[in-house]
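Content type PDB, C-alpha atoms, from the file entry01.pdb:
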ATOM      1  CA  MET Q   1       0.000   0.000   0.000  1.00  0.00           C
ATOM      2  CA  ARG Q   2       2.888   2.296   0.731  1.00  0.00           C
ATOM      3  CA  PHE Q   3       4.188   1.651  -2.784  1.00  0.00           C
ATOM      4  CA  ARG Q   4       0.789   2.599  -4.227  1.00  0.00           C
ATOM      5  CA  SER Q   5       0.490   5.802  -2.251  1.00  0.00           C
ATOM      6  CA  THR Q   6       4.016   6.798  -3.301  1.00  0.00           C
ATOM      7  CA  LEU Q   7       3.564   5.834  -6.937  1.00  0.00           C
ATOM      8  CA  LEU Q   8       0.299   7.724  -7.477  1.00  0.00           C
ATOM      9  CA  PRO Q   9       1.607  11.253  -6.899  1.00  0.00           C
ATOM     10  CA  LEU Q  10       4.782  10.447  -8.828  1.00  0.00           C
ATOM     11  CA  THR Q  11       2.911   9.127 -11.857  1.00  0.00           C
ATOM     12  CA  LEU Q  12       0.381  11.916 -11.796  1.00  0.00           C
ATOM     13  CA  ALA Q  13       2.969  14.631 -11.259  1.00  0.00           C
ATOM     14  CA  LEU Q  14       4.778  13.458 -14.365  1.00  0.00           C
ATOM     15  CA  ALA Q  15       1.500  13.295 -16.312  1.00  0.00           C
ATOM     16  CA  LEU Q  16       0.613  16.796 -15.124  1.00  0.00           C
ATOM     17  CA  SER Q  17       3.962  18.259 -16.156  1.00  0.00           C
ATOM     18  CA  VAL Q  18       3.814  16.564 -19.570  1.00  0.00           C
ATOM     19  CA  THR Q  19       0.230  17.734 -20.069  1.00  0.00           C
ATOM     20  CA  PHE Q  20       0.876  21.321 -19.089  1.00  0.00           C
ATOM     21  CA  ALA Q  21       4.083  21.456 -21.107  1.00  0.00           C
ATOM     22  CA  GLY Q  22       1.887  20.887 -24.154  1.00  0.00           C
ATOM     23  CA  CYS Q  23       3.559  17.649 -25.267  1.00  0.00           C
ATOM     24  CA  GLY Q  24       0.148  16.070 -25.659  1.00  0.00           C
ATOM     25  CA  THR Q  25      -1.030  18.730 -28.088  1.00  0.00           C
ATOM     26  CA  PRO Q  26      -2.523  17.156 -31.237  1.00  0.00           C
ATOM     27  CA  ALA Q  27      -0.105  17.156 -34.169  1.00  0.00           C
ATOM     28  CA  ALA Q  28      -2.563  19.206 -36.247  1.00  0.00           C
ATOM     29  CA  VAL Q  29      -2.196  22.139 -33.823  1.00  0.00           C
ATOM     30  CA  ALA Q  30       1.298  21.759 -32.339  1.00  0.00           C
ATOM     31  CA  GLY Q  31       4.024  24.117 -33.466  1.00  0.00           C
ATOM     32  CA  ARG Q  32       1.814  26.193 -35.764  1.00  0.00           C
ATOM     33  CA  SER Q  33       1.506  29.965 -35.623  1.00  0.00           C
ATOM     34  CA  THR Q  34      -1.669  31.362 -34.058  1.00  0.00           C
ATOM     35  CA  ALA Q  35      -1.291  34.727 -35.822  1.00  0.00           C
ATOM     36  CA  ASN Q  36      -4.206  34.082 -38.225  1.00  0.00           C
ATOM     37  CA  LEU Q  37      -6.729  33.189 -35.527  1.00  0.00           C
ATOM     38  CA  THR Q  38      -9.710  35.467 -34.966  1.00  0.00           C
ATOM     39  CA  ALA Q  39     -11.568  35.797 -31.625  1.00  0.00           C
ATOM     40  CA  PRO Q  40     -13.629  32.577 -32.056  1.00  0.00           C
ATOM     41  CA  GLY Q  41     -10.478  30.627 -32.966  1.00  0.00           C
ATOM     42  CA  ILE Q  42      -8.602  31.963 -29.938  1.00  0.00           C
ATOM     43  CA  GLN Q  43     -11.572  31.025 -27.742  1.00  0.00           C
ATOM     44  CA  ALA Q  44     -11.522  27.488 -29.179  1.00  0.00           C
ATOM     45  CA  LEU Q  45      -7.784  27.287 -28.436  1.00  0.00           C
ATOM     46  CA  HIS Q  46      -8.411  28.409 -24.847  1.00  0.00           C
ATOM     47  CA  LYS Q  47     -11.190  25.864 -24.469  1.00  0.00           C
ATOM     48  CA  LYS Q  48      -8.928  23.093 -25.752  1.00  0.00           C
ATOM     49  CA  GLU Q  49      -6.246  23.900 -23.179  1.00  0.00           C
ATOM     50  CA  VAL Q  50      -8.829  24.057 -20.391  1.00  0.00           C
ATOM     51  CA  VAL Q  51     -10.257  20.681 -21.479  1.00  0.00           C
ATOM     52  CA  ARG Q  52      -6.757  19.224 -21.183  1.00  0.00           C
ATOM     53  CA  ALA Q  53      -6.390  20.571 -17.627  1.00  0.00           C
ATOM     54  CA  LEU Q  54      -9.812  19.189 -16.661  1.00  0.00           C
ATOM     55  CA  ASP Q  55      -8.820  15.837 -18.168  1.00  0.00           C
ATOM     56  CA  THR Q  56      -5.900  15.762 -15.739  1.00  0.00           C
ATOM     57  CA  ILE Q  57      -8.293  15.970 -12.771  1.00  0.00           C
ATOM     58  CA  ARG Q  58     -10.469  13.181 -14.216  1.00  0.00           C
ATOM     59  CA  ASP Q  59      -7.410  11.037 -15.019  1.00  0.00           C
ATOM     60  CA  THR Q  60      -6.091  11.553 -11.477  1.00  0.00           C
ATOM     61  CA  ALA Q  61      -9.302  10.138 -10.040  1.00  0.00           C
ATOM     62  CA  VAL Q  62      -9.558   7.273 -12.569  1.00  0.00           C
ATOM     63  CA  ASP Q  63      -5.912   6.217 -12.116  1.00  0.00           C
ATOM     64  CA  GLY Q  64      -6.225   6.533  -8.344  1.00  0.00           C
ATOM     65  CA  GLU Q  65      -9.359   4.385  -8.343  1.00  0.00           C
ATOM     66  CA  ALA Q  66      -7.617   1.718 -10.453  1.00  0.00           C
ATOM     67  CA  MET Q  67      -4.752   1.688  -7.936  1.00  0.00           C
ATOM     68  CA  GLY Q  68      -7.161   1.407  -5.020  1.00  0.00           C
ATOM     69  CA  VAL Q  69      -6.160   4.795  -3.561  1.00  0.00           C
ATOM     70  CA  ILE Q  70      -9.346   6.716  -4.389  1.00  0.00           C
ATOM     71  CA  PRO Q  71     -12.799   5.164  -3.734  1.00  0.00           C
ATOM     72  CA  THR Q  72     -15.061   4.374  -6.691  1.00  0.00           C
ATOM     73  CA  THR Q  73     -17.822   6.638  -5.313  1.00  0.00           C
ATOM     74  CA  THR Q  74     -15.475   9.639  -5.248  1.00  0.00           C
ATOM     75  CA  THR Q  75     -14.193   8.828  -8.738  1.00  0.00           C
ATOM     76  CA  ARG Q  76     -17.778   8.586 -10.032  1.00  0.00           C
ATOM     77  CA  LEU Q  77     -18.396  12.066  -8.629  1.00  0.00           C
ATOM     78  CA  VAL Q  78     -15.331  13.429 -10.447  1.00  0.00           C
ATOM     79  CA  VAL Q  79     -16.076  11.670 -13.763  1.00  0.00           C
ATOM     80  CA  THR Q  80     -19.711  12.811 -13.715  1.00  0.00           C
ATOM     81  CA  TRP Q  81     -18.632  16.392 -12.988  1.00  0.00           C
ATOM     82  CA  HIS Q  82     -16.048  16.189 -15.778  1.00  0.00           C
ATOM     83  CA  ARG Q  83     -18.590  14.867 -18.281  1.00  0.00           C
ATOM     84  CA  SER Q  84     -21.080  17.633 -17.562  1.00  0.00           C
ATOM     85  CA  THR Q  85     -18.357  20.322 -17.626  1.00  0.00           C
ATOM     86  CA  LEU Q  86     -17.268  19.162 -21.086  1.00  0.00           C
ATOM     87  CA  ALA Q  87     -20.869  19.456 -22.268  1.00  0.00           C
ATOM     88  CA  THR Q  88     -21.023  23.011 -20.888  1.00  0.00           C
ATOM     89  CA  ILE Q  89     -17.770  23.996 -22.606  1.00  0.00           C
ATOM     90  CA  ASP Q  90     -18.882  22.413 -25.875  1.00  0.00           C
ATOM     91  CA  ALA Q  91     -22.317  24.040 -25.875  1.00  0.00           C
ATOM     92  CA  SER Q  92     -21.483  27.525 -24.592  1.00  0.00           C
ATOM     93  CA  ALA Q  93     -20.287  30.341 -26.806  1.00  0.00           C
ATOM     94  CA  ALA Q  94     -20.159  32.752 -23.857  1.00  0.00           C
ATOM     95  CA  GLY Q  95     -20.156  32.380 -20.102  1.00  0.00           C
ATOM     96  CA  TRP Q  96     -18.394  29.024 -20.069  1.00  0.00           C
ATOM     97  CA  GLN Q  97     -15.507  30.485 -18.051  1.00  0.00           C
ATOM     98  CA  SER Q  98     -17.645  31.320 -15.027  1.00  0.00           C
ATOM     99  CA  ALA Q  99     -19.436  27.960 -15.281  1.00  0.00           C
ATOM    100  CA  VAL Q 100     -16.089  26.124 -15.209  1.00  0.00           C
ATOM    101  CA  THR Q 101     -14.795  28.210 -12.288  1.00  0.00           C
ATOM    102  CA  THR Q 102     -17.949  27.593 -10.267  1.00  0.00           C
ATOM    103  CA  GLY Q 103     -17.832  23.886 -11.124  1.00  0.00           C
ATOM    104  CA  LEU Q 104     -14.209  23.546  -9.999  1.00  0.00           C
ATOM    105  CA  ASP Q 105     -14.960  25.279  -6.687  1.00  0.00           C
ATOM    106  CA  GLN Q 106     -18.029  23.111  -6.163  1.00  0.00           C
ATOM    107  CA  LEU Q 107     -16.112  19.927  -6.981  1.00  0.00           C
ATOM    108  CA  LYS Q 108     -13.612  20.696  -4.222  1.00  0.00           C
ATOM    109  CA  LEU Q 109     -16.482  21.047  -1.760  1.00  0.00           C
ATOM    110  CA  ASP Q 110     -18.253  17.895  -2.952  1.00  0.00           C
ATOM    111  CA  ILE Q 111     -15.263  15.552  -2.703  1.00  0.00           C
ATOM    112  CA  PRO Q 112     -15.276  13.709   0.633  1.00  0.00           C
ATOM    113  CA  ALA Q 113     -12.758  15.177   3.079  1.00  0.00           C
ATOM    114  CA  ALA Q 114     -10.787  11.919   3.222  1.00  0.00           C
ATOM    115  CA  ASP Q 115     -10.052  12.097  -0.527  1.00  0.00           C
ATOM    116  CA  ARG Q 116      -9.789  15.858  -0.912  1.00  0.00           C
ATOM    117  CA  GLY Q 117      -6.065  15.963  -0.188  1.00  0.00           C
ATOM    118  CA  LYS Q 118      -5.355  13.549  -3.038  1.00  0.00           C
ATOM    119  CA  ILE Q 119      -7.335  15.386  -5.723  1.00  0.00           C
ATOM    120  CA  ALA Q 120      -7.401  19.038  -4.587  1.00  0.00           C
ATOM    121  CA  PRO Q 121      -3.801  19.793  -5.700  1.00  0.00           C
ATOM    122  CA  TYR Q 122      -4.781  18.872  -9.274  1.00  0.00           C
ATOM    123  CA  ILE Q 123      -7.898  21.023  -9.046  1.00  0.00           C
ATOM    124  CA  ASP Q 124      -5.779  23.926  -7.791  1.00  0.00           C
ATOM    125  CA  ALA Q 125      -3.312  23.350 -10.624  1.00  0.00           C
ATOM    126  CA  ALA Q 126      -6.170  23.351 -13.145  1.00  0.00           C
ATOM    127  CA  ILE Q 127      -7.526  26.592 -11.645  1.00  0.00           C
ATOM    128  CA  THR Q 128      -4.065  28.183 -11.991  1.00  0.00           C
ATOM    129  CA  LEU Q 129      -3.821  27.115 -15.631  1.00  0.00           C
ATOM    130  CA  PHE Q 130      -7.421  28.142 -16.276  1.00  0.00           C
ATOM    131  CA  LYS Q 131      -6.861  31.671 -14.946  1.00  0.00           C
ATOM    132  CA  ALA Q 132      -3.680  32.040 -16.987  1.00  0.00           C
ATOM    133  CA  VAL Q 133      -5.396  30.853 -20.170  1.00  0.00           C
ATOM    134  CA  ILE Q 134      -8.511  33.036 -19.973  1.00  0.00           C
ATOM    135  CA  GLN Q 135      -6.619  36.227 -19.079  1.00  0.00           C
TER     136      GLN Q 135
ATOM    137  CA  MET V   1       1.556  16.224  -0.883  1.00  0.00           C
ATOM    138  CA  SER V   2       4.631  14.629  -2.409  1.00  0.00           C
ATOM    139  CA  PRO V   3       7.730  16.824  -2.905  1.00  0.00           C
ATOM    140  CA  LEU V   4       7.618  16.133  -6.650  1.00  0.00           C
ATOM    141  CA  LEU V   5       3.993  17.186  -6.963  1.00  0.00           C
ATOM    142  CA  ALA V   6       4.692  20.301  -4.894  1.00  0.00           C
ATOM    143  CA  LEU V   7       7.565  21.089  -7.264  1.00  0.00           C
ATOM    144  CA  VAL V   8       5.348  20.683 -10.345  1.00  0.00           C
ATOM    145  CA  ILE V   9       2.679  22.993  -8.901  1.00  0.00           C
ATOM    146  CA  GLN V  10       5.310  25.508  -7.785  1.00  0.00           C
ATOM    147  CA  ASN V  11       6.666  25.588 -11.350  1.00  0.00           C
ATOM    148  CA  LEU V  12       3.279  25.894 -13.056  1.00  0.00           C
ATOM    149  CA  PRO V  13       3.622  29.613 -13.868  1.00  0.00           C
ATOM    150  CA  SER V  14       6.872  28.973 -15.734  1.00  0.00           C
ATOM    151  CA  VAL V  15       5.355  25.956 -17.523  1.00  0.00           C
ATOM    152  CA  ILE V  16       2.392  28.125 -18.589  1.00  0.00           C
ATOM    153  CA  GLN V  17       4.860  30.688 -19.909  1.00  0.00           C
ATOM    154  CA  GLN V  18       6.579  27.908 -21.877  1.00  0.00           C
ATOM    155  CA  ILE V  19       3.244  27.042 -23.494  1.00  0.00           C
ATOM    156  CA  LYS V  20       2.704  30.680 -24.460  1.00  0.00           C
ATOM    157  CA  ASP V  21       6.267  30.914 -25.794  1.00  0.00           C
ATOM    158  CA  ALA V  22       5.760  27.738 -27.820  1.00  0.00           C
ATOM    159  CA  HIS V  23       2.653  29.276 -29.383  1.00  0.00           C
ATOM    160  CA  ALA V  24       4.496  32.489 -30.151  1.00  0.00           C
ATOM    161  CA  LYS V  25       7.568  30.712 -31.548  1.00  0.00           C
ATOM    162  CA  ALA V  26       5.858  28.536 -34.130  1.00  0.00           C
ATOM    163  CA  ASN V  27       7.582  26.327 -36.672  1.00  0.00           C
ATOM    164  CA  PRO V  28       7.864  28.463 -39.846  1.00  0.00           C
ATOM    165  CA  ASP V  29       7.683  25.338 -42.024  1.00  0.00           C
ATOM    166  CA  LEU V  30       4.136  24.632 -40.854  1.00  0.00           C
ATOM    167  CA  PRO V  31       1.137  26.615 -42.157  1.00  0.00           C
ATOM    168  CA  PRO V  32      -0.438  28.986 -39.592  1.00  0.00           C
ATOM    169  CA  LEU V  33      -3.503  27.753 -37.752  1.00  0.00           C
ATOM    170  CA  GLU V  34      -6.892  28.803 -39.046  1.00  0.00           C
ATOM    171  CA  ASP V  35     -10.025  29.008 -36.870  1.00  0.00           C
ATOM    172  CA  GLN V  36     -11.403  25.796 -38.350  1.00  0.00           C
ATOM    173  CA  ASP V  37      -8.213  23.862 -37.451  1.00  0.00           C
ATOM    174  CA  VAL V  38      -8.613  24.836 -33.795  1.00  0.00           C
ATOM    175  CA  ARG V  39     -12.359  24.151 -33.789  1.00  0.00           C
ATOM    176  CA  ASP V  40     -11.676  20.677 -35.208  1.00  0.00           C
ATOM    177  CA  ALA V  41      -8.968  20.023 -32.610  1.00  0.00           C
ATOM    178  CA  LEU V  42     -11.309  21.152 -29.808  1.00  0.00           C
ATOM    179  CA  LYS V  43     -14.122  18.940 -31.106  1.00  0.00           C
ATOM    180  CA  GLN V  44     -11.768  15.970 -31.278  1.00  0.00           C
ATOM    181  CA  ALA V  45     -10.404  16.636 -27.751  1.00  0.00           C
ATOM    182  CA  ILE V  46     -13.930  16.857 -26.290  1.00  0.00           C
ATOM    183  CA  MET V  47     -15.198  13.773 -28.134  1.00  0.00           C
ATOM    184  CA  SER V  48     -12.302  11.546 -27.067  1.00  0.00           C
ATOM    185  CA  SER V  49     -12.504  12.822 -23.494  1.00  0.00           C
ATOM    186  CA  GLU V  50     -16.280  12.259 -23.313  1.00  0.00           C
ATOM    187  CA  LEU V  51     -15.750   8.741 -24.639  1.00  0.00           C
ATOM    188  CA  LYS V  52     -13.339   8.001 -21.796  1.00  0.00           C
ATOM    189  CA  ASP V  53     -15.882   9.324 -19.248  1.00  0.00           C
ATOM    190  CA  ASP V  54     -18.674   7.247 -20.766  1.00  0.00           C
ATOM    191  CA  GLN V  55     -16.560   4.091 -20.833  1.00  0.00           C
ATOM    192  CA  TRP V  56     -15.538   4.510 -17.192  1.00  0.00           C
ATOM    193  CA  LEU V  57     -19.117   5.225 -16.061  1.00  0.00           C
ATOM    194  CA  ALA V  58     -20.418   2.225 -18.003  1.00  0.00           C
ATOM    195  CA  ALA V  59     -17.819  -0.010 -16.379  1.00  0.00           C
ATOM    196  CA  HIS V  60     -18.615   1.346 -12.889  1.00  0.00           C
ATOM    197  CA  PRO V  61     -22.421   1.634 -12.645  1.00  0.00           C
ATOM    198  CA  GLU V  62     -23.951   3.038  -9.487  1.00  0.00           C
ATOM    199  CA  PRO V  63     -24.869   0.227  -7.116  1.00  0.00           C
ATOM    200  CA  GLY V  64     -28.599  -0.464  -6.973  1.00  0.00           C
ATOM    201  CA  PRO V  65     -30.652  -0.309  -3.775  1.00  0.00           C
ATOM    202  CA  VAL V  66     -29.751  -2.941  -1.213  1.00  0.00           C
ATOM    203  CA  GLN V  67     -32.377  -5.680  -1.123  1.00  0.00           C
ATOM    204  CA  GLY V  68     -33.678  -6.261   2.400  1.00  0.00           C
TER     205      GLY V  68
END
Spit out the file's structure as C-alpha coordinates when you get a sec.
Amino acid sequence: MRFRSTLLPLTLALALSVTFAGCGTPAAVAGRSTANLTAPGIQALHKKEVVRALDTIRDTAVDGEAMGVIPTTTTRLVVTWHRSTLATIDASAAGWQSAVTTGLDQLKLDIPAADRGKIAPYIDAAITLFKAVIQ
Amino acid sequence: MSPLLALVIQNLPSVIQQIKDAHAKANPDLPPLEDQDVRDALKQAIMSSELKDDQWLAAHPEPGPVQG
(Lines of atoms letter the chains of each structure in order from A and count residues from 1; the text may use other names and numbers.)
(Lines give C-alpha, C1' and ligand atoms only; values in the text may rest on other atoms or scores of the structure.)
Protein backbone atom coordinates (compact mmCIF):
# COMPACT_ATOMS: atom_id res chain seq x y z
CA MET A 1 0.00 0.00 0.00
CA ARG A 2 2.89 2.30 0.73
CA PHE A 3 4.19 1.65 -2.78
CA ARG A 4 0.79 2.60 -4.23
CA SER A 5 0.49 5.80 -2.25
CA THR A 6 4.02 6.80 -3.30
CA LEU A 7 3.56 5.83 -6.94
CA LEU A 8 0.30 7.72 -7.48
CA PRO A 9 1.61 11.25 -6.90
CA LEU A 10 4.78 10.45 -8.83
CA THR A 11 2.91 9.13 -11.86
CA LEU A 12 0.38 11.92 -11.80
CA ALA A 13 2.97 14.63 -11.26
CA LEU A 14 4.78 13.46 -14.36
CA ALA A 15 1.50 13.30 -16.31
CA LEU A 16 0.61 16.80 -15.12
CA SER A 17 3.96 18.26 -16.16
CA VAL A 18 3.81 16.56 -19.57
CA THR A 19 0.23 17.73 -20.07
CA PHE A 20 0.88 21.32 -19.09
CA ALA A 21 4.08 21.46 -21.11
CA GLY A 22 1.89 20.89 -24.15
CA CYS A 23 3.56 17.65 -25.27
CA GLY A 24 0.15 16.07 -25.66
CA THR A 25 -1.03 18.73 -28.09
CA PRO A 26 -2.52 17.16 -31.24
CA ALA A 27 -0.10 17.16 -34.17
CA ALA A 28 -2.56 19.21 -36.25
CA VAL A 29 -2.20 22.14 -33.82
CA ALA A 30 1.30 21.76 -32.34
CA GLY A 31 4.02 24.12 -33.47
CA ARG A 32 1.81 26.19 -35.76
CA SER A 33 1.51 29.97 -35.62
CA THR A 34 -1.67 31.36 -34.06
CA ALA A 35 -1.29 34.73 -35.82
CA ASN A 36 -4.21 34.08 -38.23
CA LEU A 37 -6.73 33.19 -35.53
CA THR A 38 -9.71 35.47 -34.97
CA ALA A 39 -11.57 35.80 -31.62
CA PRO A 40 -13.63 32.58 -32.06
CA GLY A 41 -10.48 30.63 -32.97
CA ILE A 42 -8.60 31.96 -29.94
CA GLN A 43 -11.57 31.02 -27.74
CA ALA A 44 -11.52 27.49 -29.18
CA LEU A 45 -7.78 27.29 -28.44
CA HIS A 46 -8.41 28.41 -24.85
CA LYS A 47 -11.19 25.86 -24.47
CA LYS A 48 -8.93 23.09 -25.75
CA GLU A 49 -6.25 23.90 -23.18
CA VAL A 50 -8.83 24.06 -20.39
CA VAL A 51 -10.26 20.68 -21.48
CA ARG A 52 -6.76 19.22 -21.18
CA ALA A 53 -6.39 20.57 -17.63
CA LEU A 54 -9.81 19.19 -16.66
CA ASP A 55 -8.82 15.84 -18.17
CA THR A 56 -5.90 15.76 -15.74
CA ILE A 57 -8.29 15.97 -12.77
CA ARG A 58 -10.47 13.18 -14.22
CA ASP A 59 -7.41 11.04 -15.02
CA THR A 60 -6.09 11.55 -11.48
CA ALA A 61 -9.30 10.14 -10.04
CA VAL A 62 -9.56 7.27 -12.57
CA ASP A 63 -5.91 6.22 -12.12
CA GLY A 64 -6.22 6.53 -8.34
CA GLU A 65 -9.36 4.39 -8.34
CA ALA A 66 -7.62 1.72 -10.45
CA MET A 67 -4.75 1.69 -7.94
CA GLY A 68 -7.16 1.41 -5.02
CA VAL A 69 -6.16 4.80 -3.56
CA ILE A 70 -9.35 6.72 -4.39
CA PRO A 71 -12.80 5.16 -3.73
CA THR A 72 -15.06 4.37 -6.69
CA THR A 73 -17.82 6.64 -5.31
CA THR A 74 -15.47 9.64 -5.25
CA THR A 75 -14.19 8.83 -8.74
CA ARG A 76 -17.78 8.59 -10.03
CA LEU A 77 -18.40 12.07 -8.63
CA VAL A 78 -15.33 13.43 -10.45
CA VAL A 79 -16.08 11.67 -13.76
CA THR A 80 -19.71 12.81 -13.72
CA TRP A 81 -18.63 16.39 -12.99
CA HIS A 82 -16.05 16.19 -15.78
CA ARG A 83 -18.59 14.87 -18.28
CA SER A 84 -21.08 17.63 -17.56
CA THR A 85 -18.36 20.32 -17.63
CA LEU A 86 -17.27 19.16 -21.09
CA ALA A 87 -20.87 19.46 -22.27
CA THR A 88 -21.02 23.01 -20.89
CA ILE A 89 -17.77 24.00 -22.61
CA ASP A 90 -18.88 22.41 -25.87
CA ALA A 91 -22.32 24.04 -25.88
CA SER A 92 -21.48 27.53 -24.59
CA ALA A 93 -20.29 30.34 -26.81
CA ALA A 94 -20.16 32.75 -23.86
CA GLY A 95 -20.16 32.38 -20.10
CA TRP A 96 -18.39 29.02 -20.07
CA GLN A 97 -15.51 30.49 -18.05
CA SER A 98 -17.65 31.32 -15.03
CA ALA A 99 -19.44 27.96 -15.28
CA VAL A 100 -16.09 26.12 -15.21
CA THR A 101 -14.80 28.21 -12.29
CA THR A 102 -17.95 27.59 -10.27
CA GLY A 103 -17.83 23.89 -11.12
CA LEU A 104 -14.21 23.55 -10.00
CA ASP A 105 -14.96 25.28 -6.69
CA GLN A 106 -18.03 23.11 -6.16
CA LEU A 107 -16.11 19.93 -6.98
CA LYS A 108 -13.61 20.70 -4.22
CA LEU A 109 -16.48 21.05 -1.76
CA ASP A 110 -18.25 17.89 -2.95
CA ILE A 111 -15.26 15.55 -2.70
CA PRO A 112 -15.28 13.71 0.63
CA ALA A 113 -12.76 15.18 3.08
CA ALA A 114 -10.79 11.92 3.22
CA ASP A 115 -10.05 12.10 -0.53
CA ARG A 116 -9.79 15.86 -0.91
CA GLY A 117 -6.07 15.96 -0.19
CA LYS A 118 -5.36 13.55 -3.04
CA ILE A 119 -7.33 15.39 -5.72
CA ALA A 120 -7.40 19.04 -4.59
CA PRO A 121 -3.80 19.79 -5.70
CA TYR A 122 -4.78 18.87 -9.27
CA ILE A 123 -7.90 21.02 -9.05
CA ASP A 124 -5.78 23.93 -7.79
CA ALA A 125 -3.31 23.35 -10.62
CA ALA A 126 -6.17 23.35 -13.14
CA ILE A 127 -7.53 26.59 -11.64
CA THR A 128 -4.06 28.18 -11.99
CA LEU A 129 -3.82 27.12 -15.63
CA PHE A 130 -7.42 28.14 -16.28
CA LYS A 131 -6.86 31.67 -14.95
CA ALA A 132 -3.68 32.04 -16.99
CA VAL A 133 -5.40 30.85 -20.17
CA ILE A 134 -8.51 33.04 -19.97
CA GLN A 135 -6.62 36.23 -19.08
CA MET B 1 1.56 16.22 -0.88
CA SER B 2 4.63 14.63 -2.41
CA PRO B 3 7.73 16.82 -2.91
CA LEU B 4 7.62 16.13 -6.65
CA LEU B 5 3.99 17.19 -6.96
CA ALA B 6 4.69 20.30 -4.89
CA LEU B 7 7.56 21.09 -7.26
CA VAL B 8 5.35 20.68 -10.35
CA ILE B 9 2.68 22.99 -8.90
CA GLN B 10 5.31 25.51 -7.78
CA ASN B 11 6.67 25.59 -11.35
CA LEU B 12 3.28 25.89 -13.06
CA PRO B 13 3.62 29.61 -13.87
CA SER B 14 6.87 28.97 -15.73
CA VAL B 15 5.36 25.96 -17.52
CA ILE B 16 2.39 28.13 -18.59
CA GLN B 17 4.86 30.69 -19.91
CA GLN B 18 6.58 27.91 -21.88
CA ILE B 19 3.24 27.04 -23.49
CA LYS B 20 2.70 30.68 -24.46
CA ASP B 21 6.27 30.91 -25.79
CA ALA B 22 5.76 27.74 -27.82
CA HIS B 23 2.65 29.28 -29.38
CA ALA B 24 4.50 32.49 -30.15
CA LYS B 25 7.57 30.71 -31.55
CA ALA B 26 5.86 28.54 -34.13
CA ASN B 27 7.58 26.33 -36.67
CA PRO B 28 7.86 28.46 -39.85
CA ASP B 29 7.68 25.34 -42.02
CA LEU B 30 4.14 24.63 -40.85
CA PRO B 31 1.14 26.62 -42.16
CA PRO B 32 -0.44 28.99 -39.59
CA LEU B 33 -3.50 27.75 -37.75
CA GLU B 34 -6.89 28.80 -39.05
CA ASP B 35 -10.02 29.01 -36.87
CA GLN B 36 -11.40 25.80 -38.35
CA ASP B 37 -8.21 23.86 -37.45
CA VAL B 38 -8.61 24.84 -33.79
CA ARG B 39 -12.36 24.15 -33.79
CA ASP B 40 -11.68 20.68 -35.21
CA ALA B 41 -8.97 20.02 -32.61
CA LEU B 42 -11.31 21.15 -29.81
CA LYS B 43 -14.12 18.94 -31.11
CA GLN B 44 -11.77 15.97 -31.28
CA ALA B 45 -10.40 16.64 -27.75
CA ILE B 46 -13.93 16.86 -26.29
CA MET B 47 -15.20 13.77 -28.13
CA SER B 48 -12.30 11.55 -27.07
CA SER B 49 -12.50 12.82 -23.49
CA GLU B 50 -16.28 12.26 -23.31
CA LEU B 51 -15.75 8.74 -24.64
CA LYS B 52 -13.34 8.00 -21.80
CA ASP B 53 -15.88 9.32 -19.25
CA ASP B 54 -18.67 7.25 -20.77
CA GLN B 55 -16.56 4.09 -20.83
CA TRP B 56 -15.54 4.51 -17.19
CA LEU B 57 -19.12 5.23 -16.06
CA ALA B 58 -20.42 2.23 -18.00
CA ALA B 59 -17.82 -0.01 -16.38
CA HIS B 60 -18.61 1.35 -12.89
CA PRO B 61 -22.42 1.63 -12.65
CA GLU B 62 -23.95 3.04 -9.49
CA PRO B 63 -24.87 0.23 -7.12
CA GLY B 64 -28.60 -0.46 -6.97
CA PRO B 65 -30.65 -0.31 -3.78
CA VAL B 66 -29.75 -2.94 -1.21
CA GLN B 67 -32.38 -5.68 -1.12
CA GLY B 68 -33.68 -6.26 2.40
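The nearest approach to Q:Leu86 among the residues V:Gln10, V:Gln36, V:Ser49, V:Gln55, with all atoms listed in the file taken into account, belongs to V:Ser49.
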Reference answer for the PyMOL selection byres ((chain V) within 6 of (chain Q)), as a ChimeraX atom specification: /V:5,15,26-27,30,32-35,38-39,42,53
Between atom CA of Q:Asp105 and atom CA of V:Leu51, distance in Å (one decimal): 24.4 Å
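In terms of minimum interatomic distance to V:Ala59, Q:Ala66 ranks closest within Q:Thr56, Q:Ala66, Q:Ala94, Q:Thr101, counting all atoms listed in the file.
Across the model, the gap from atom CA of Q:Val50 to atom CA of Q:Phe130 is 6.0 Å.
Across the structure, atom CA of Q:Gln97 and atom CA of Q:Ile134 are spaced 7.7 Å apart.
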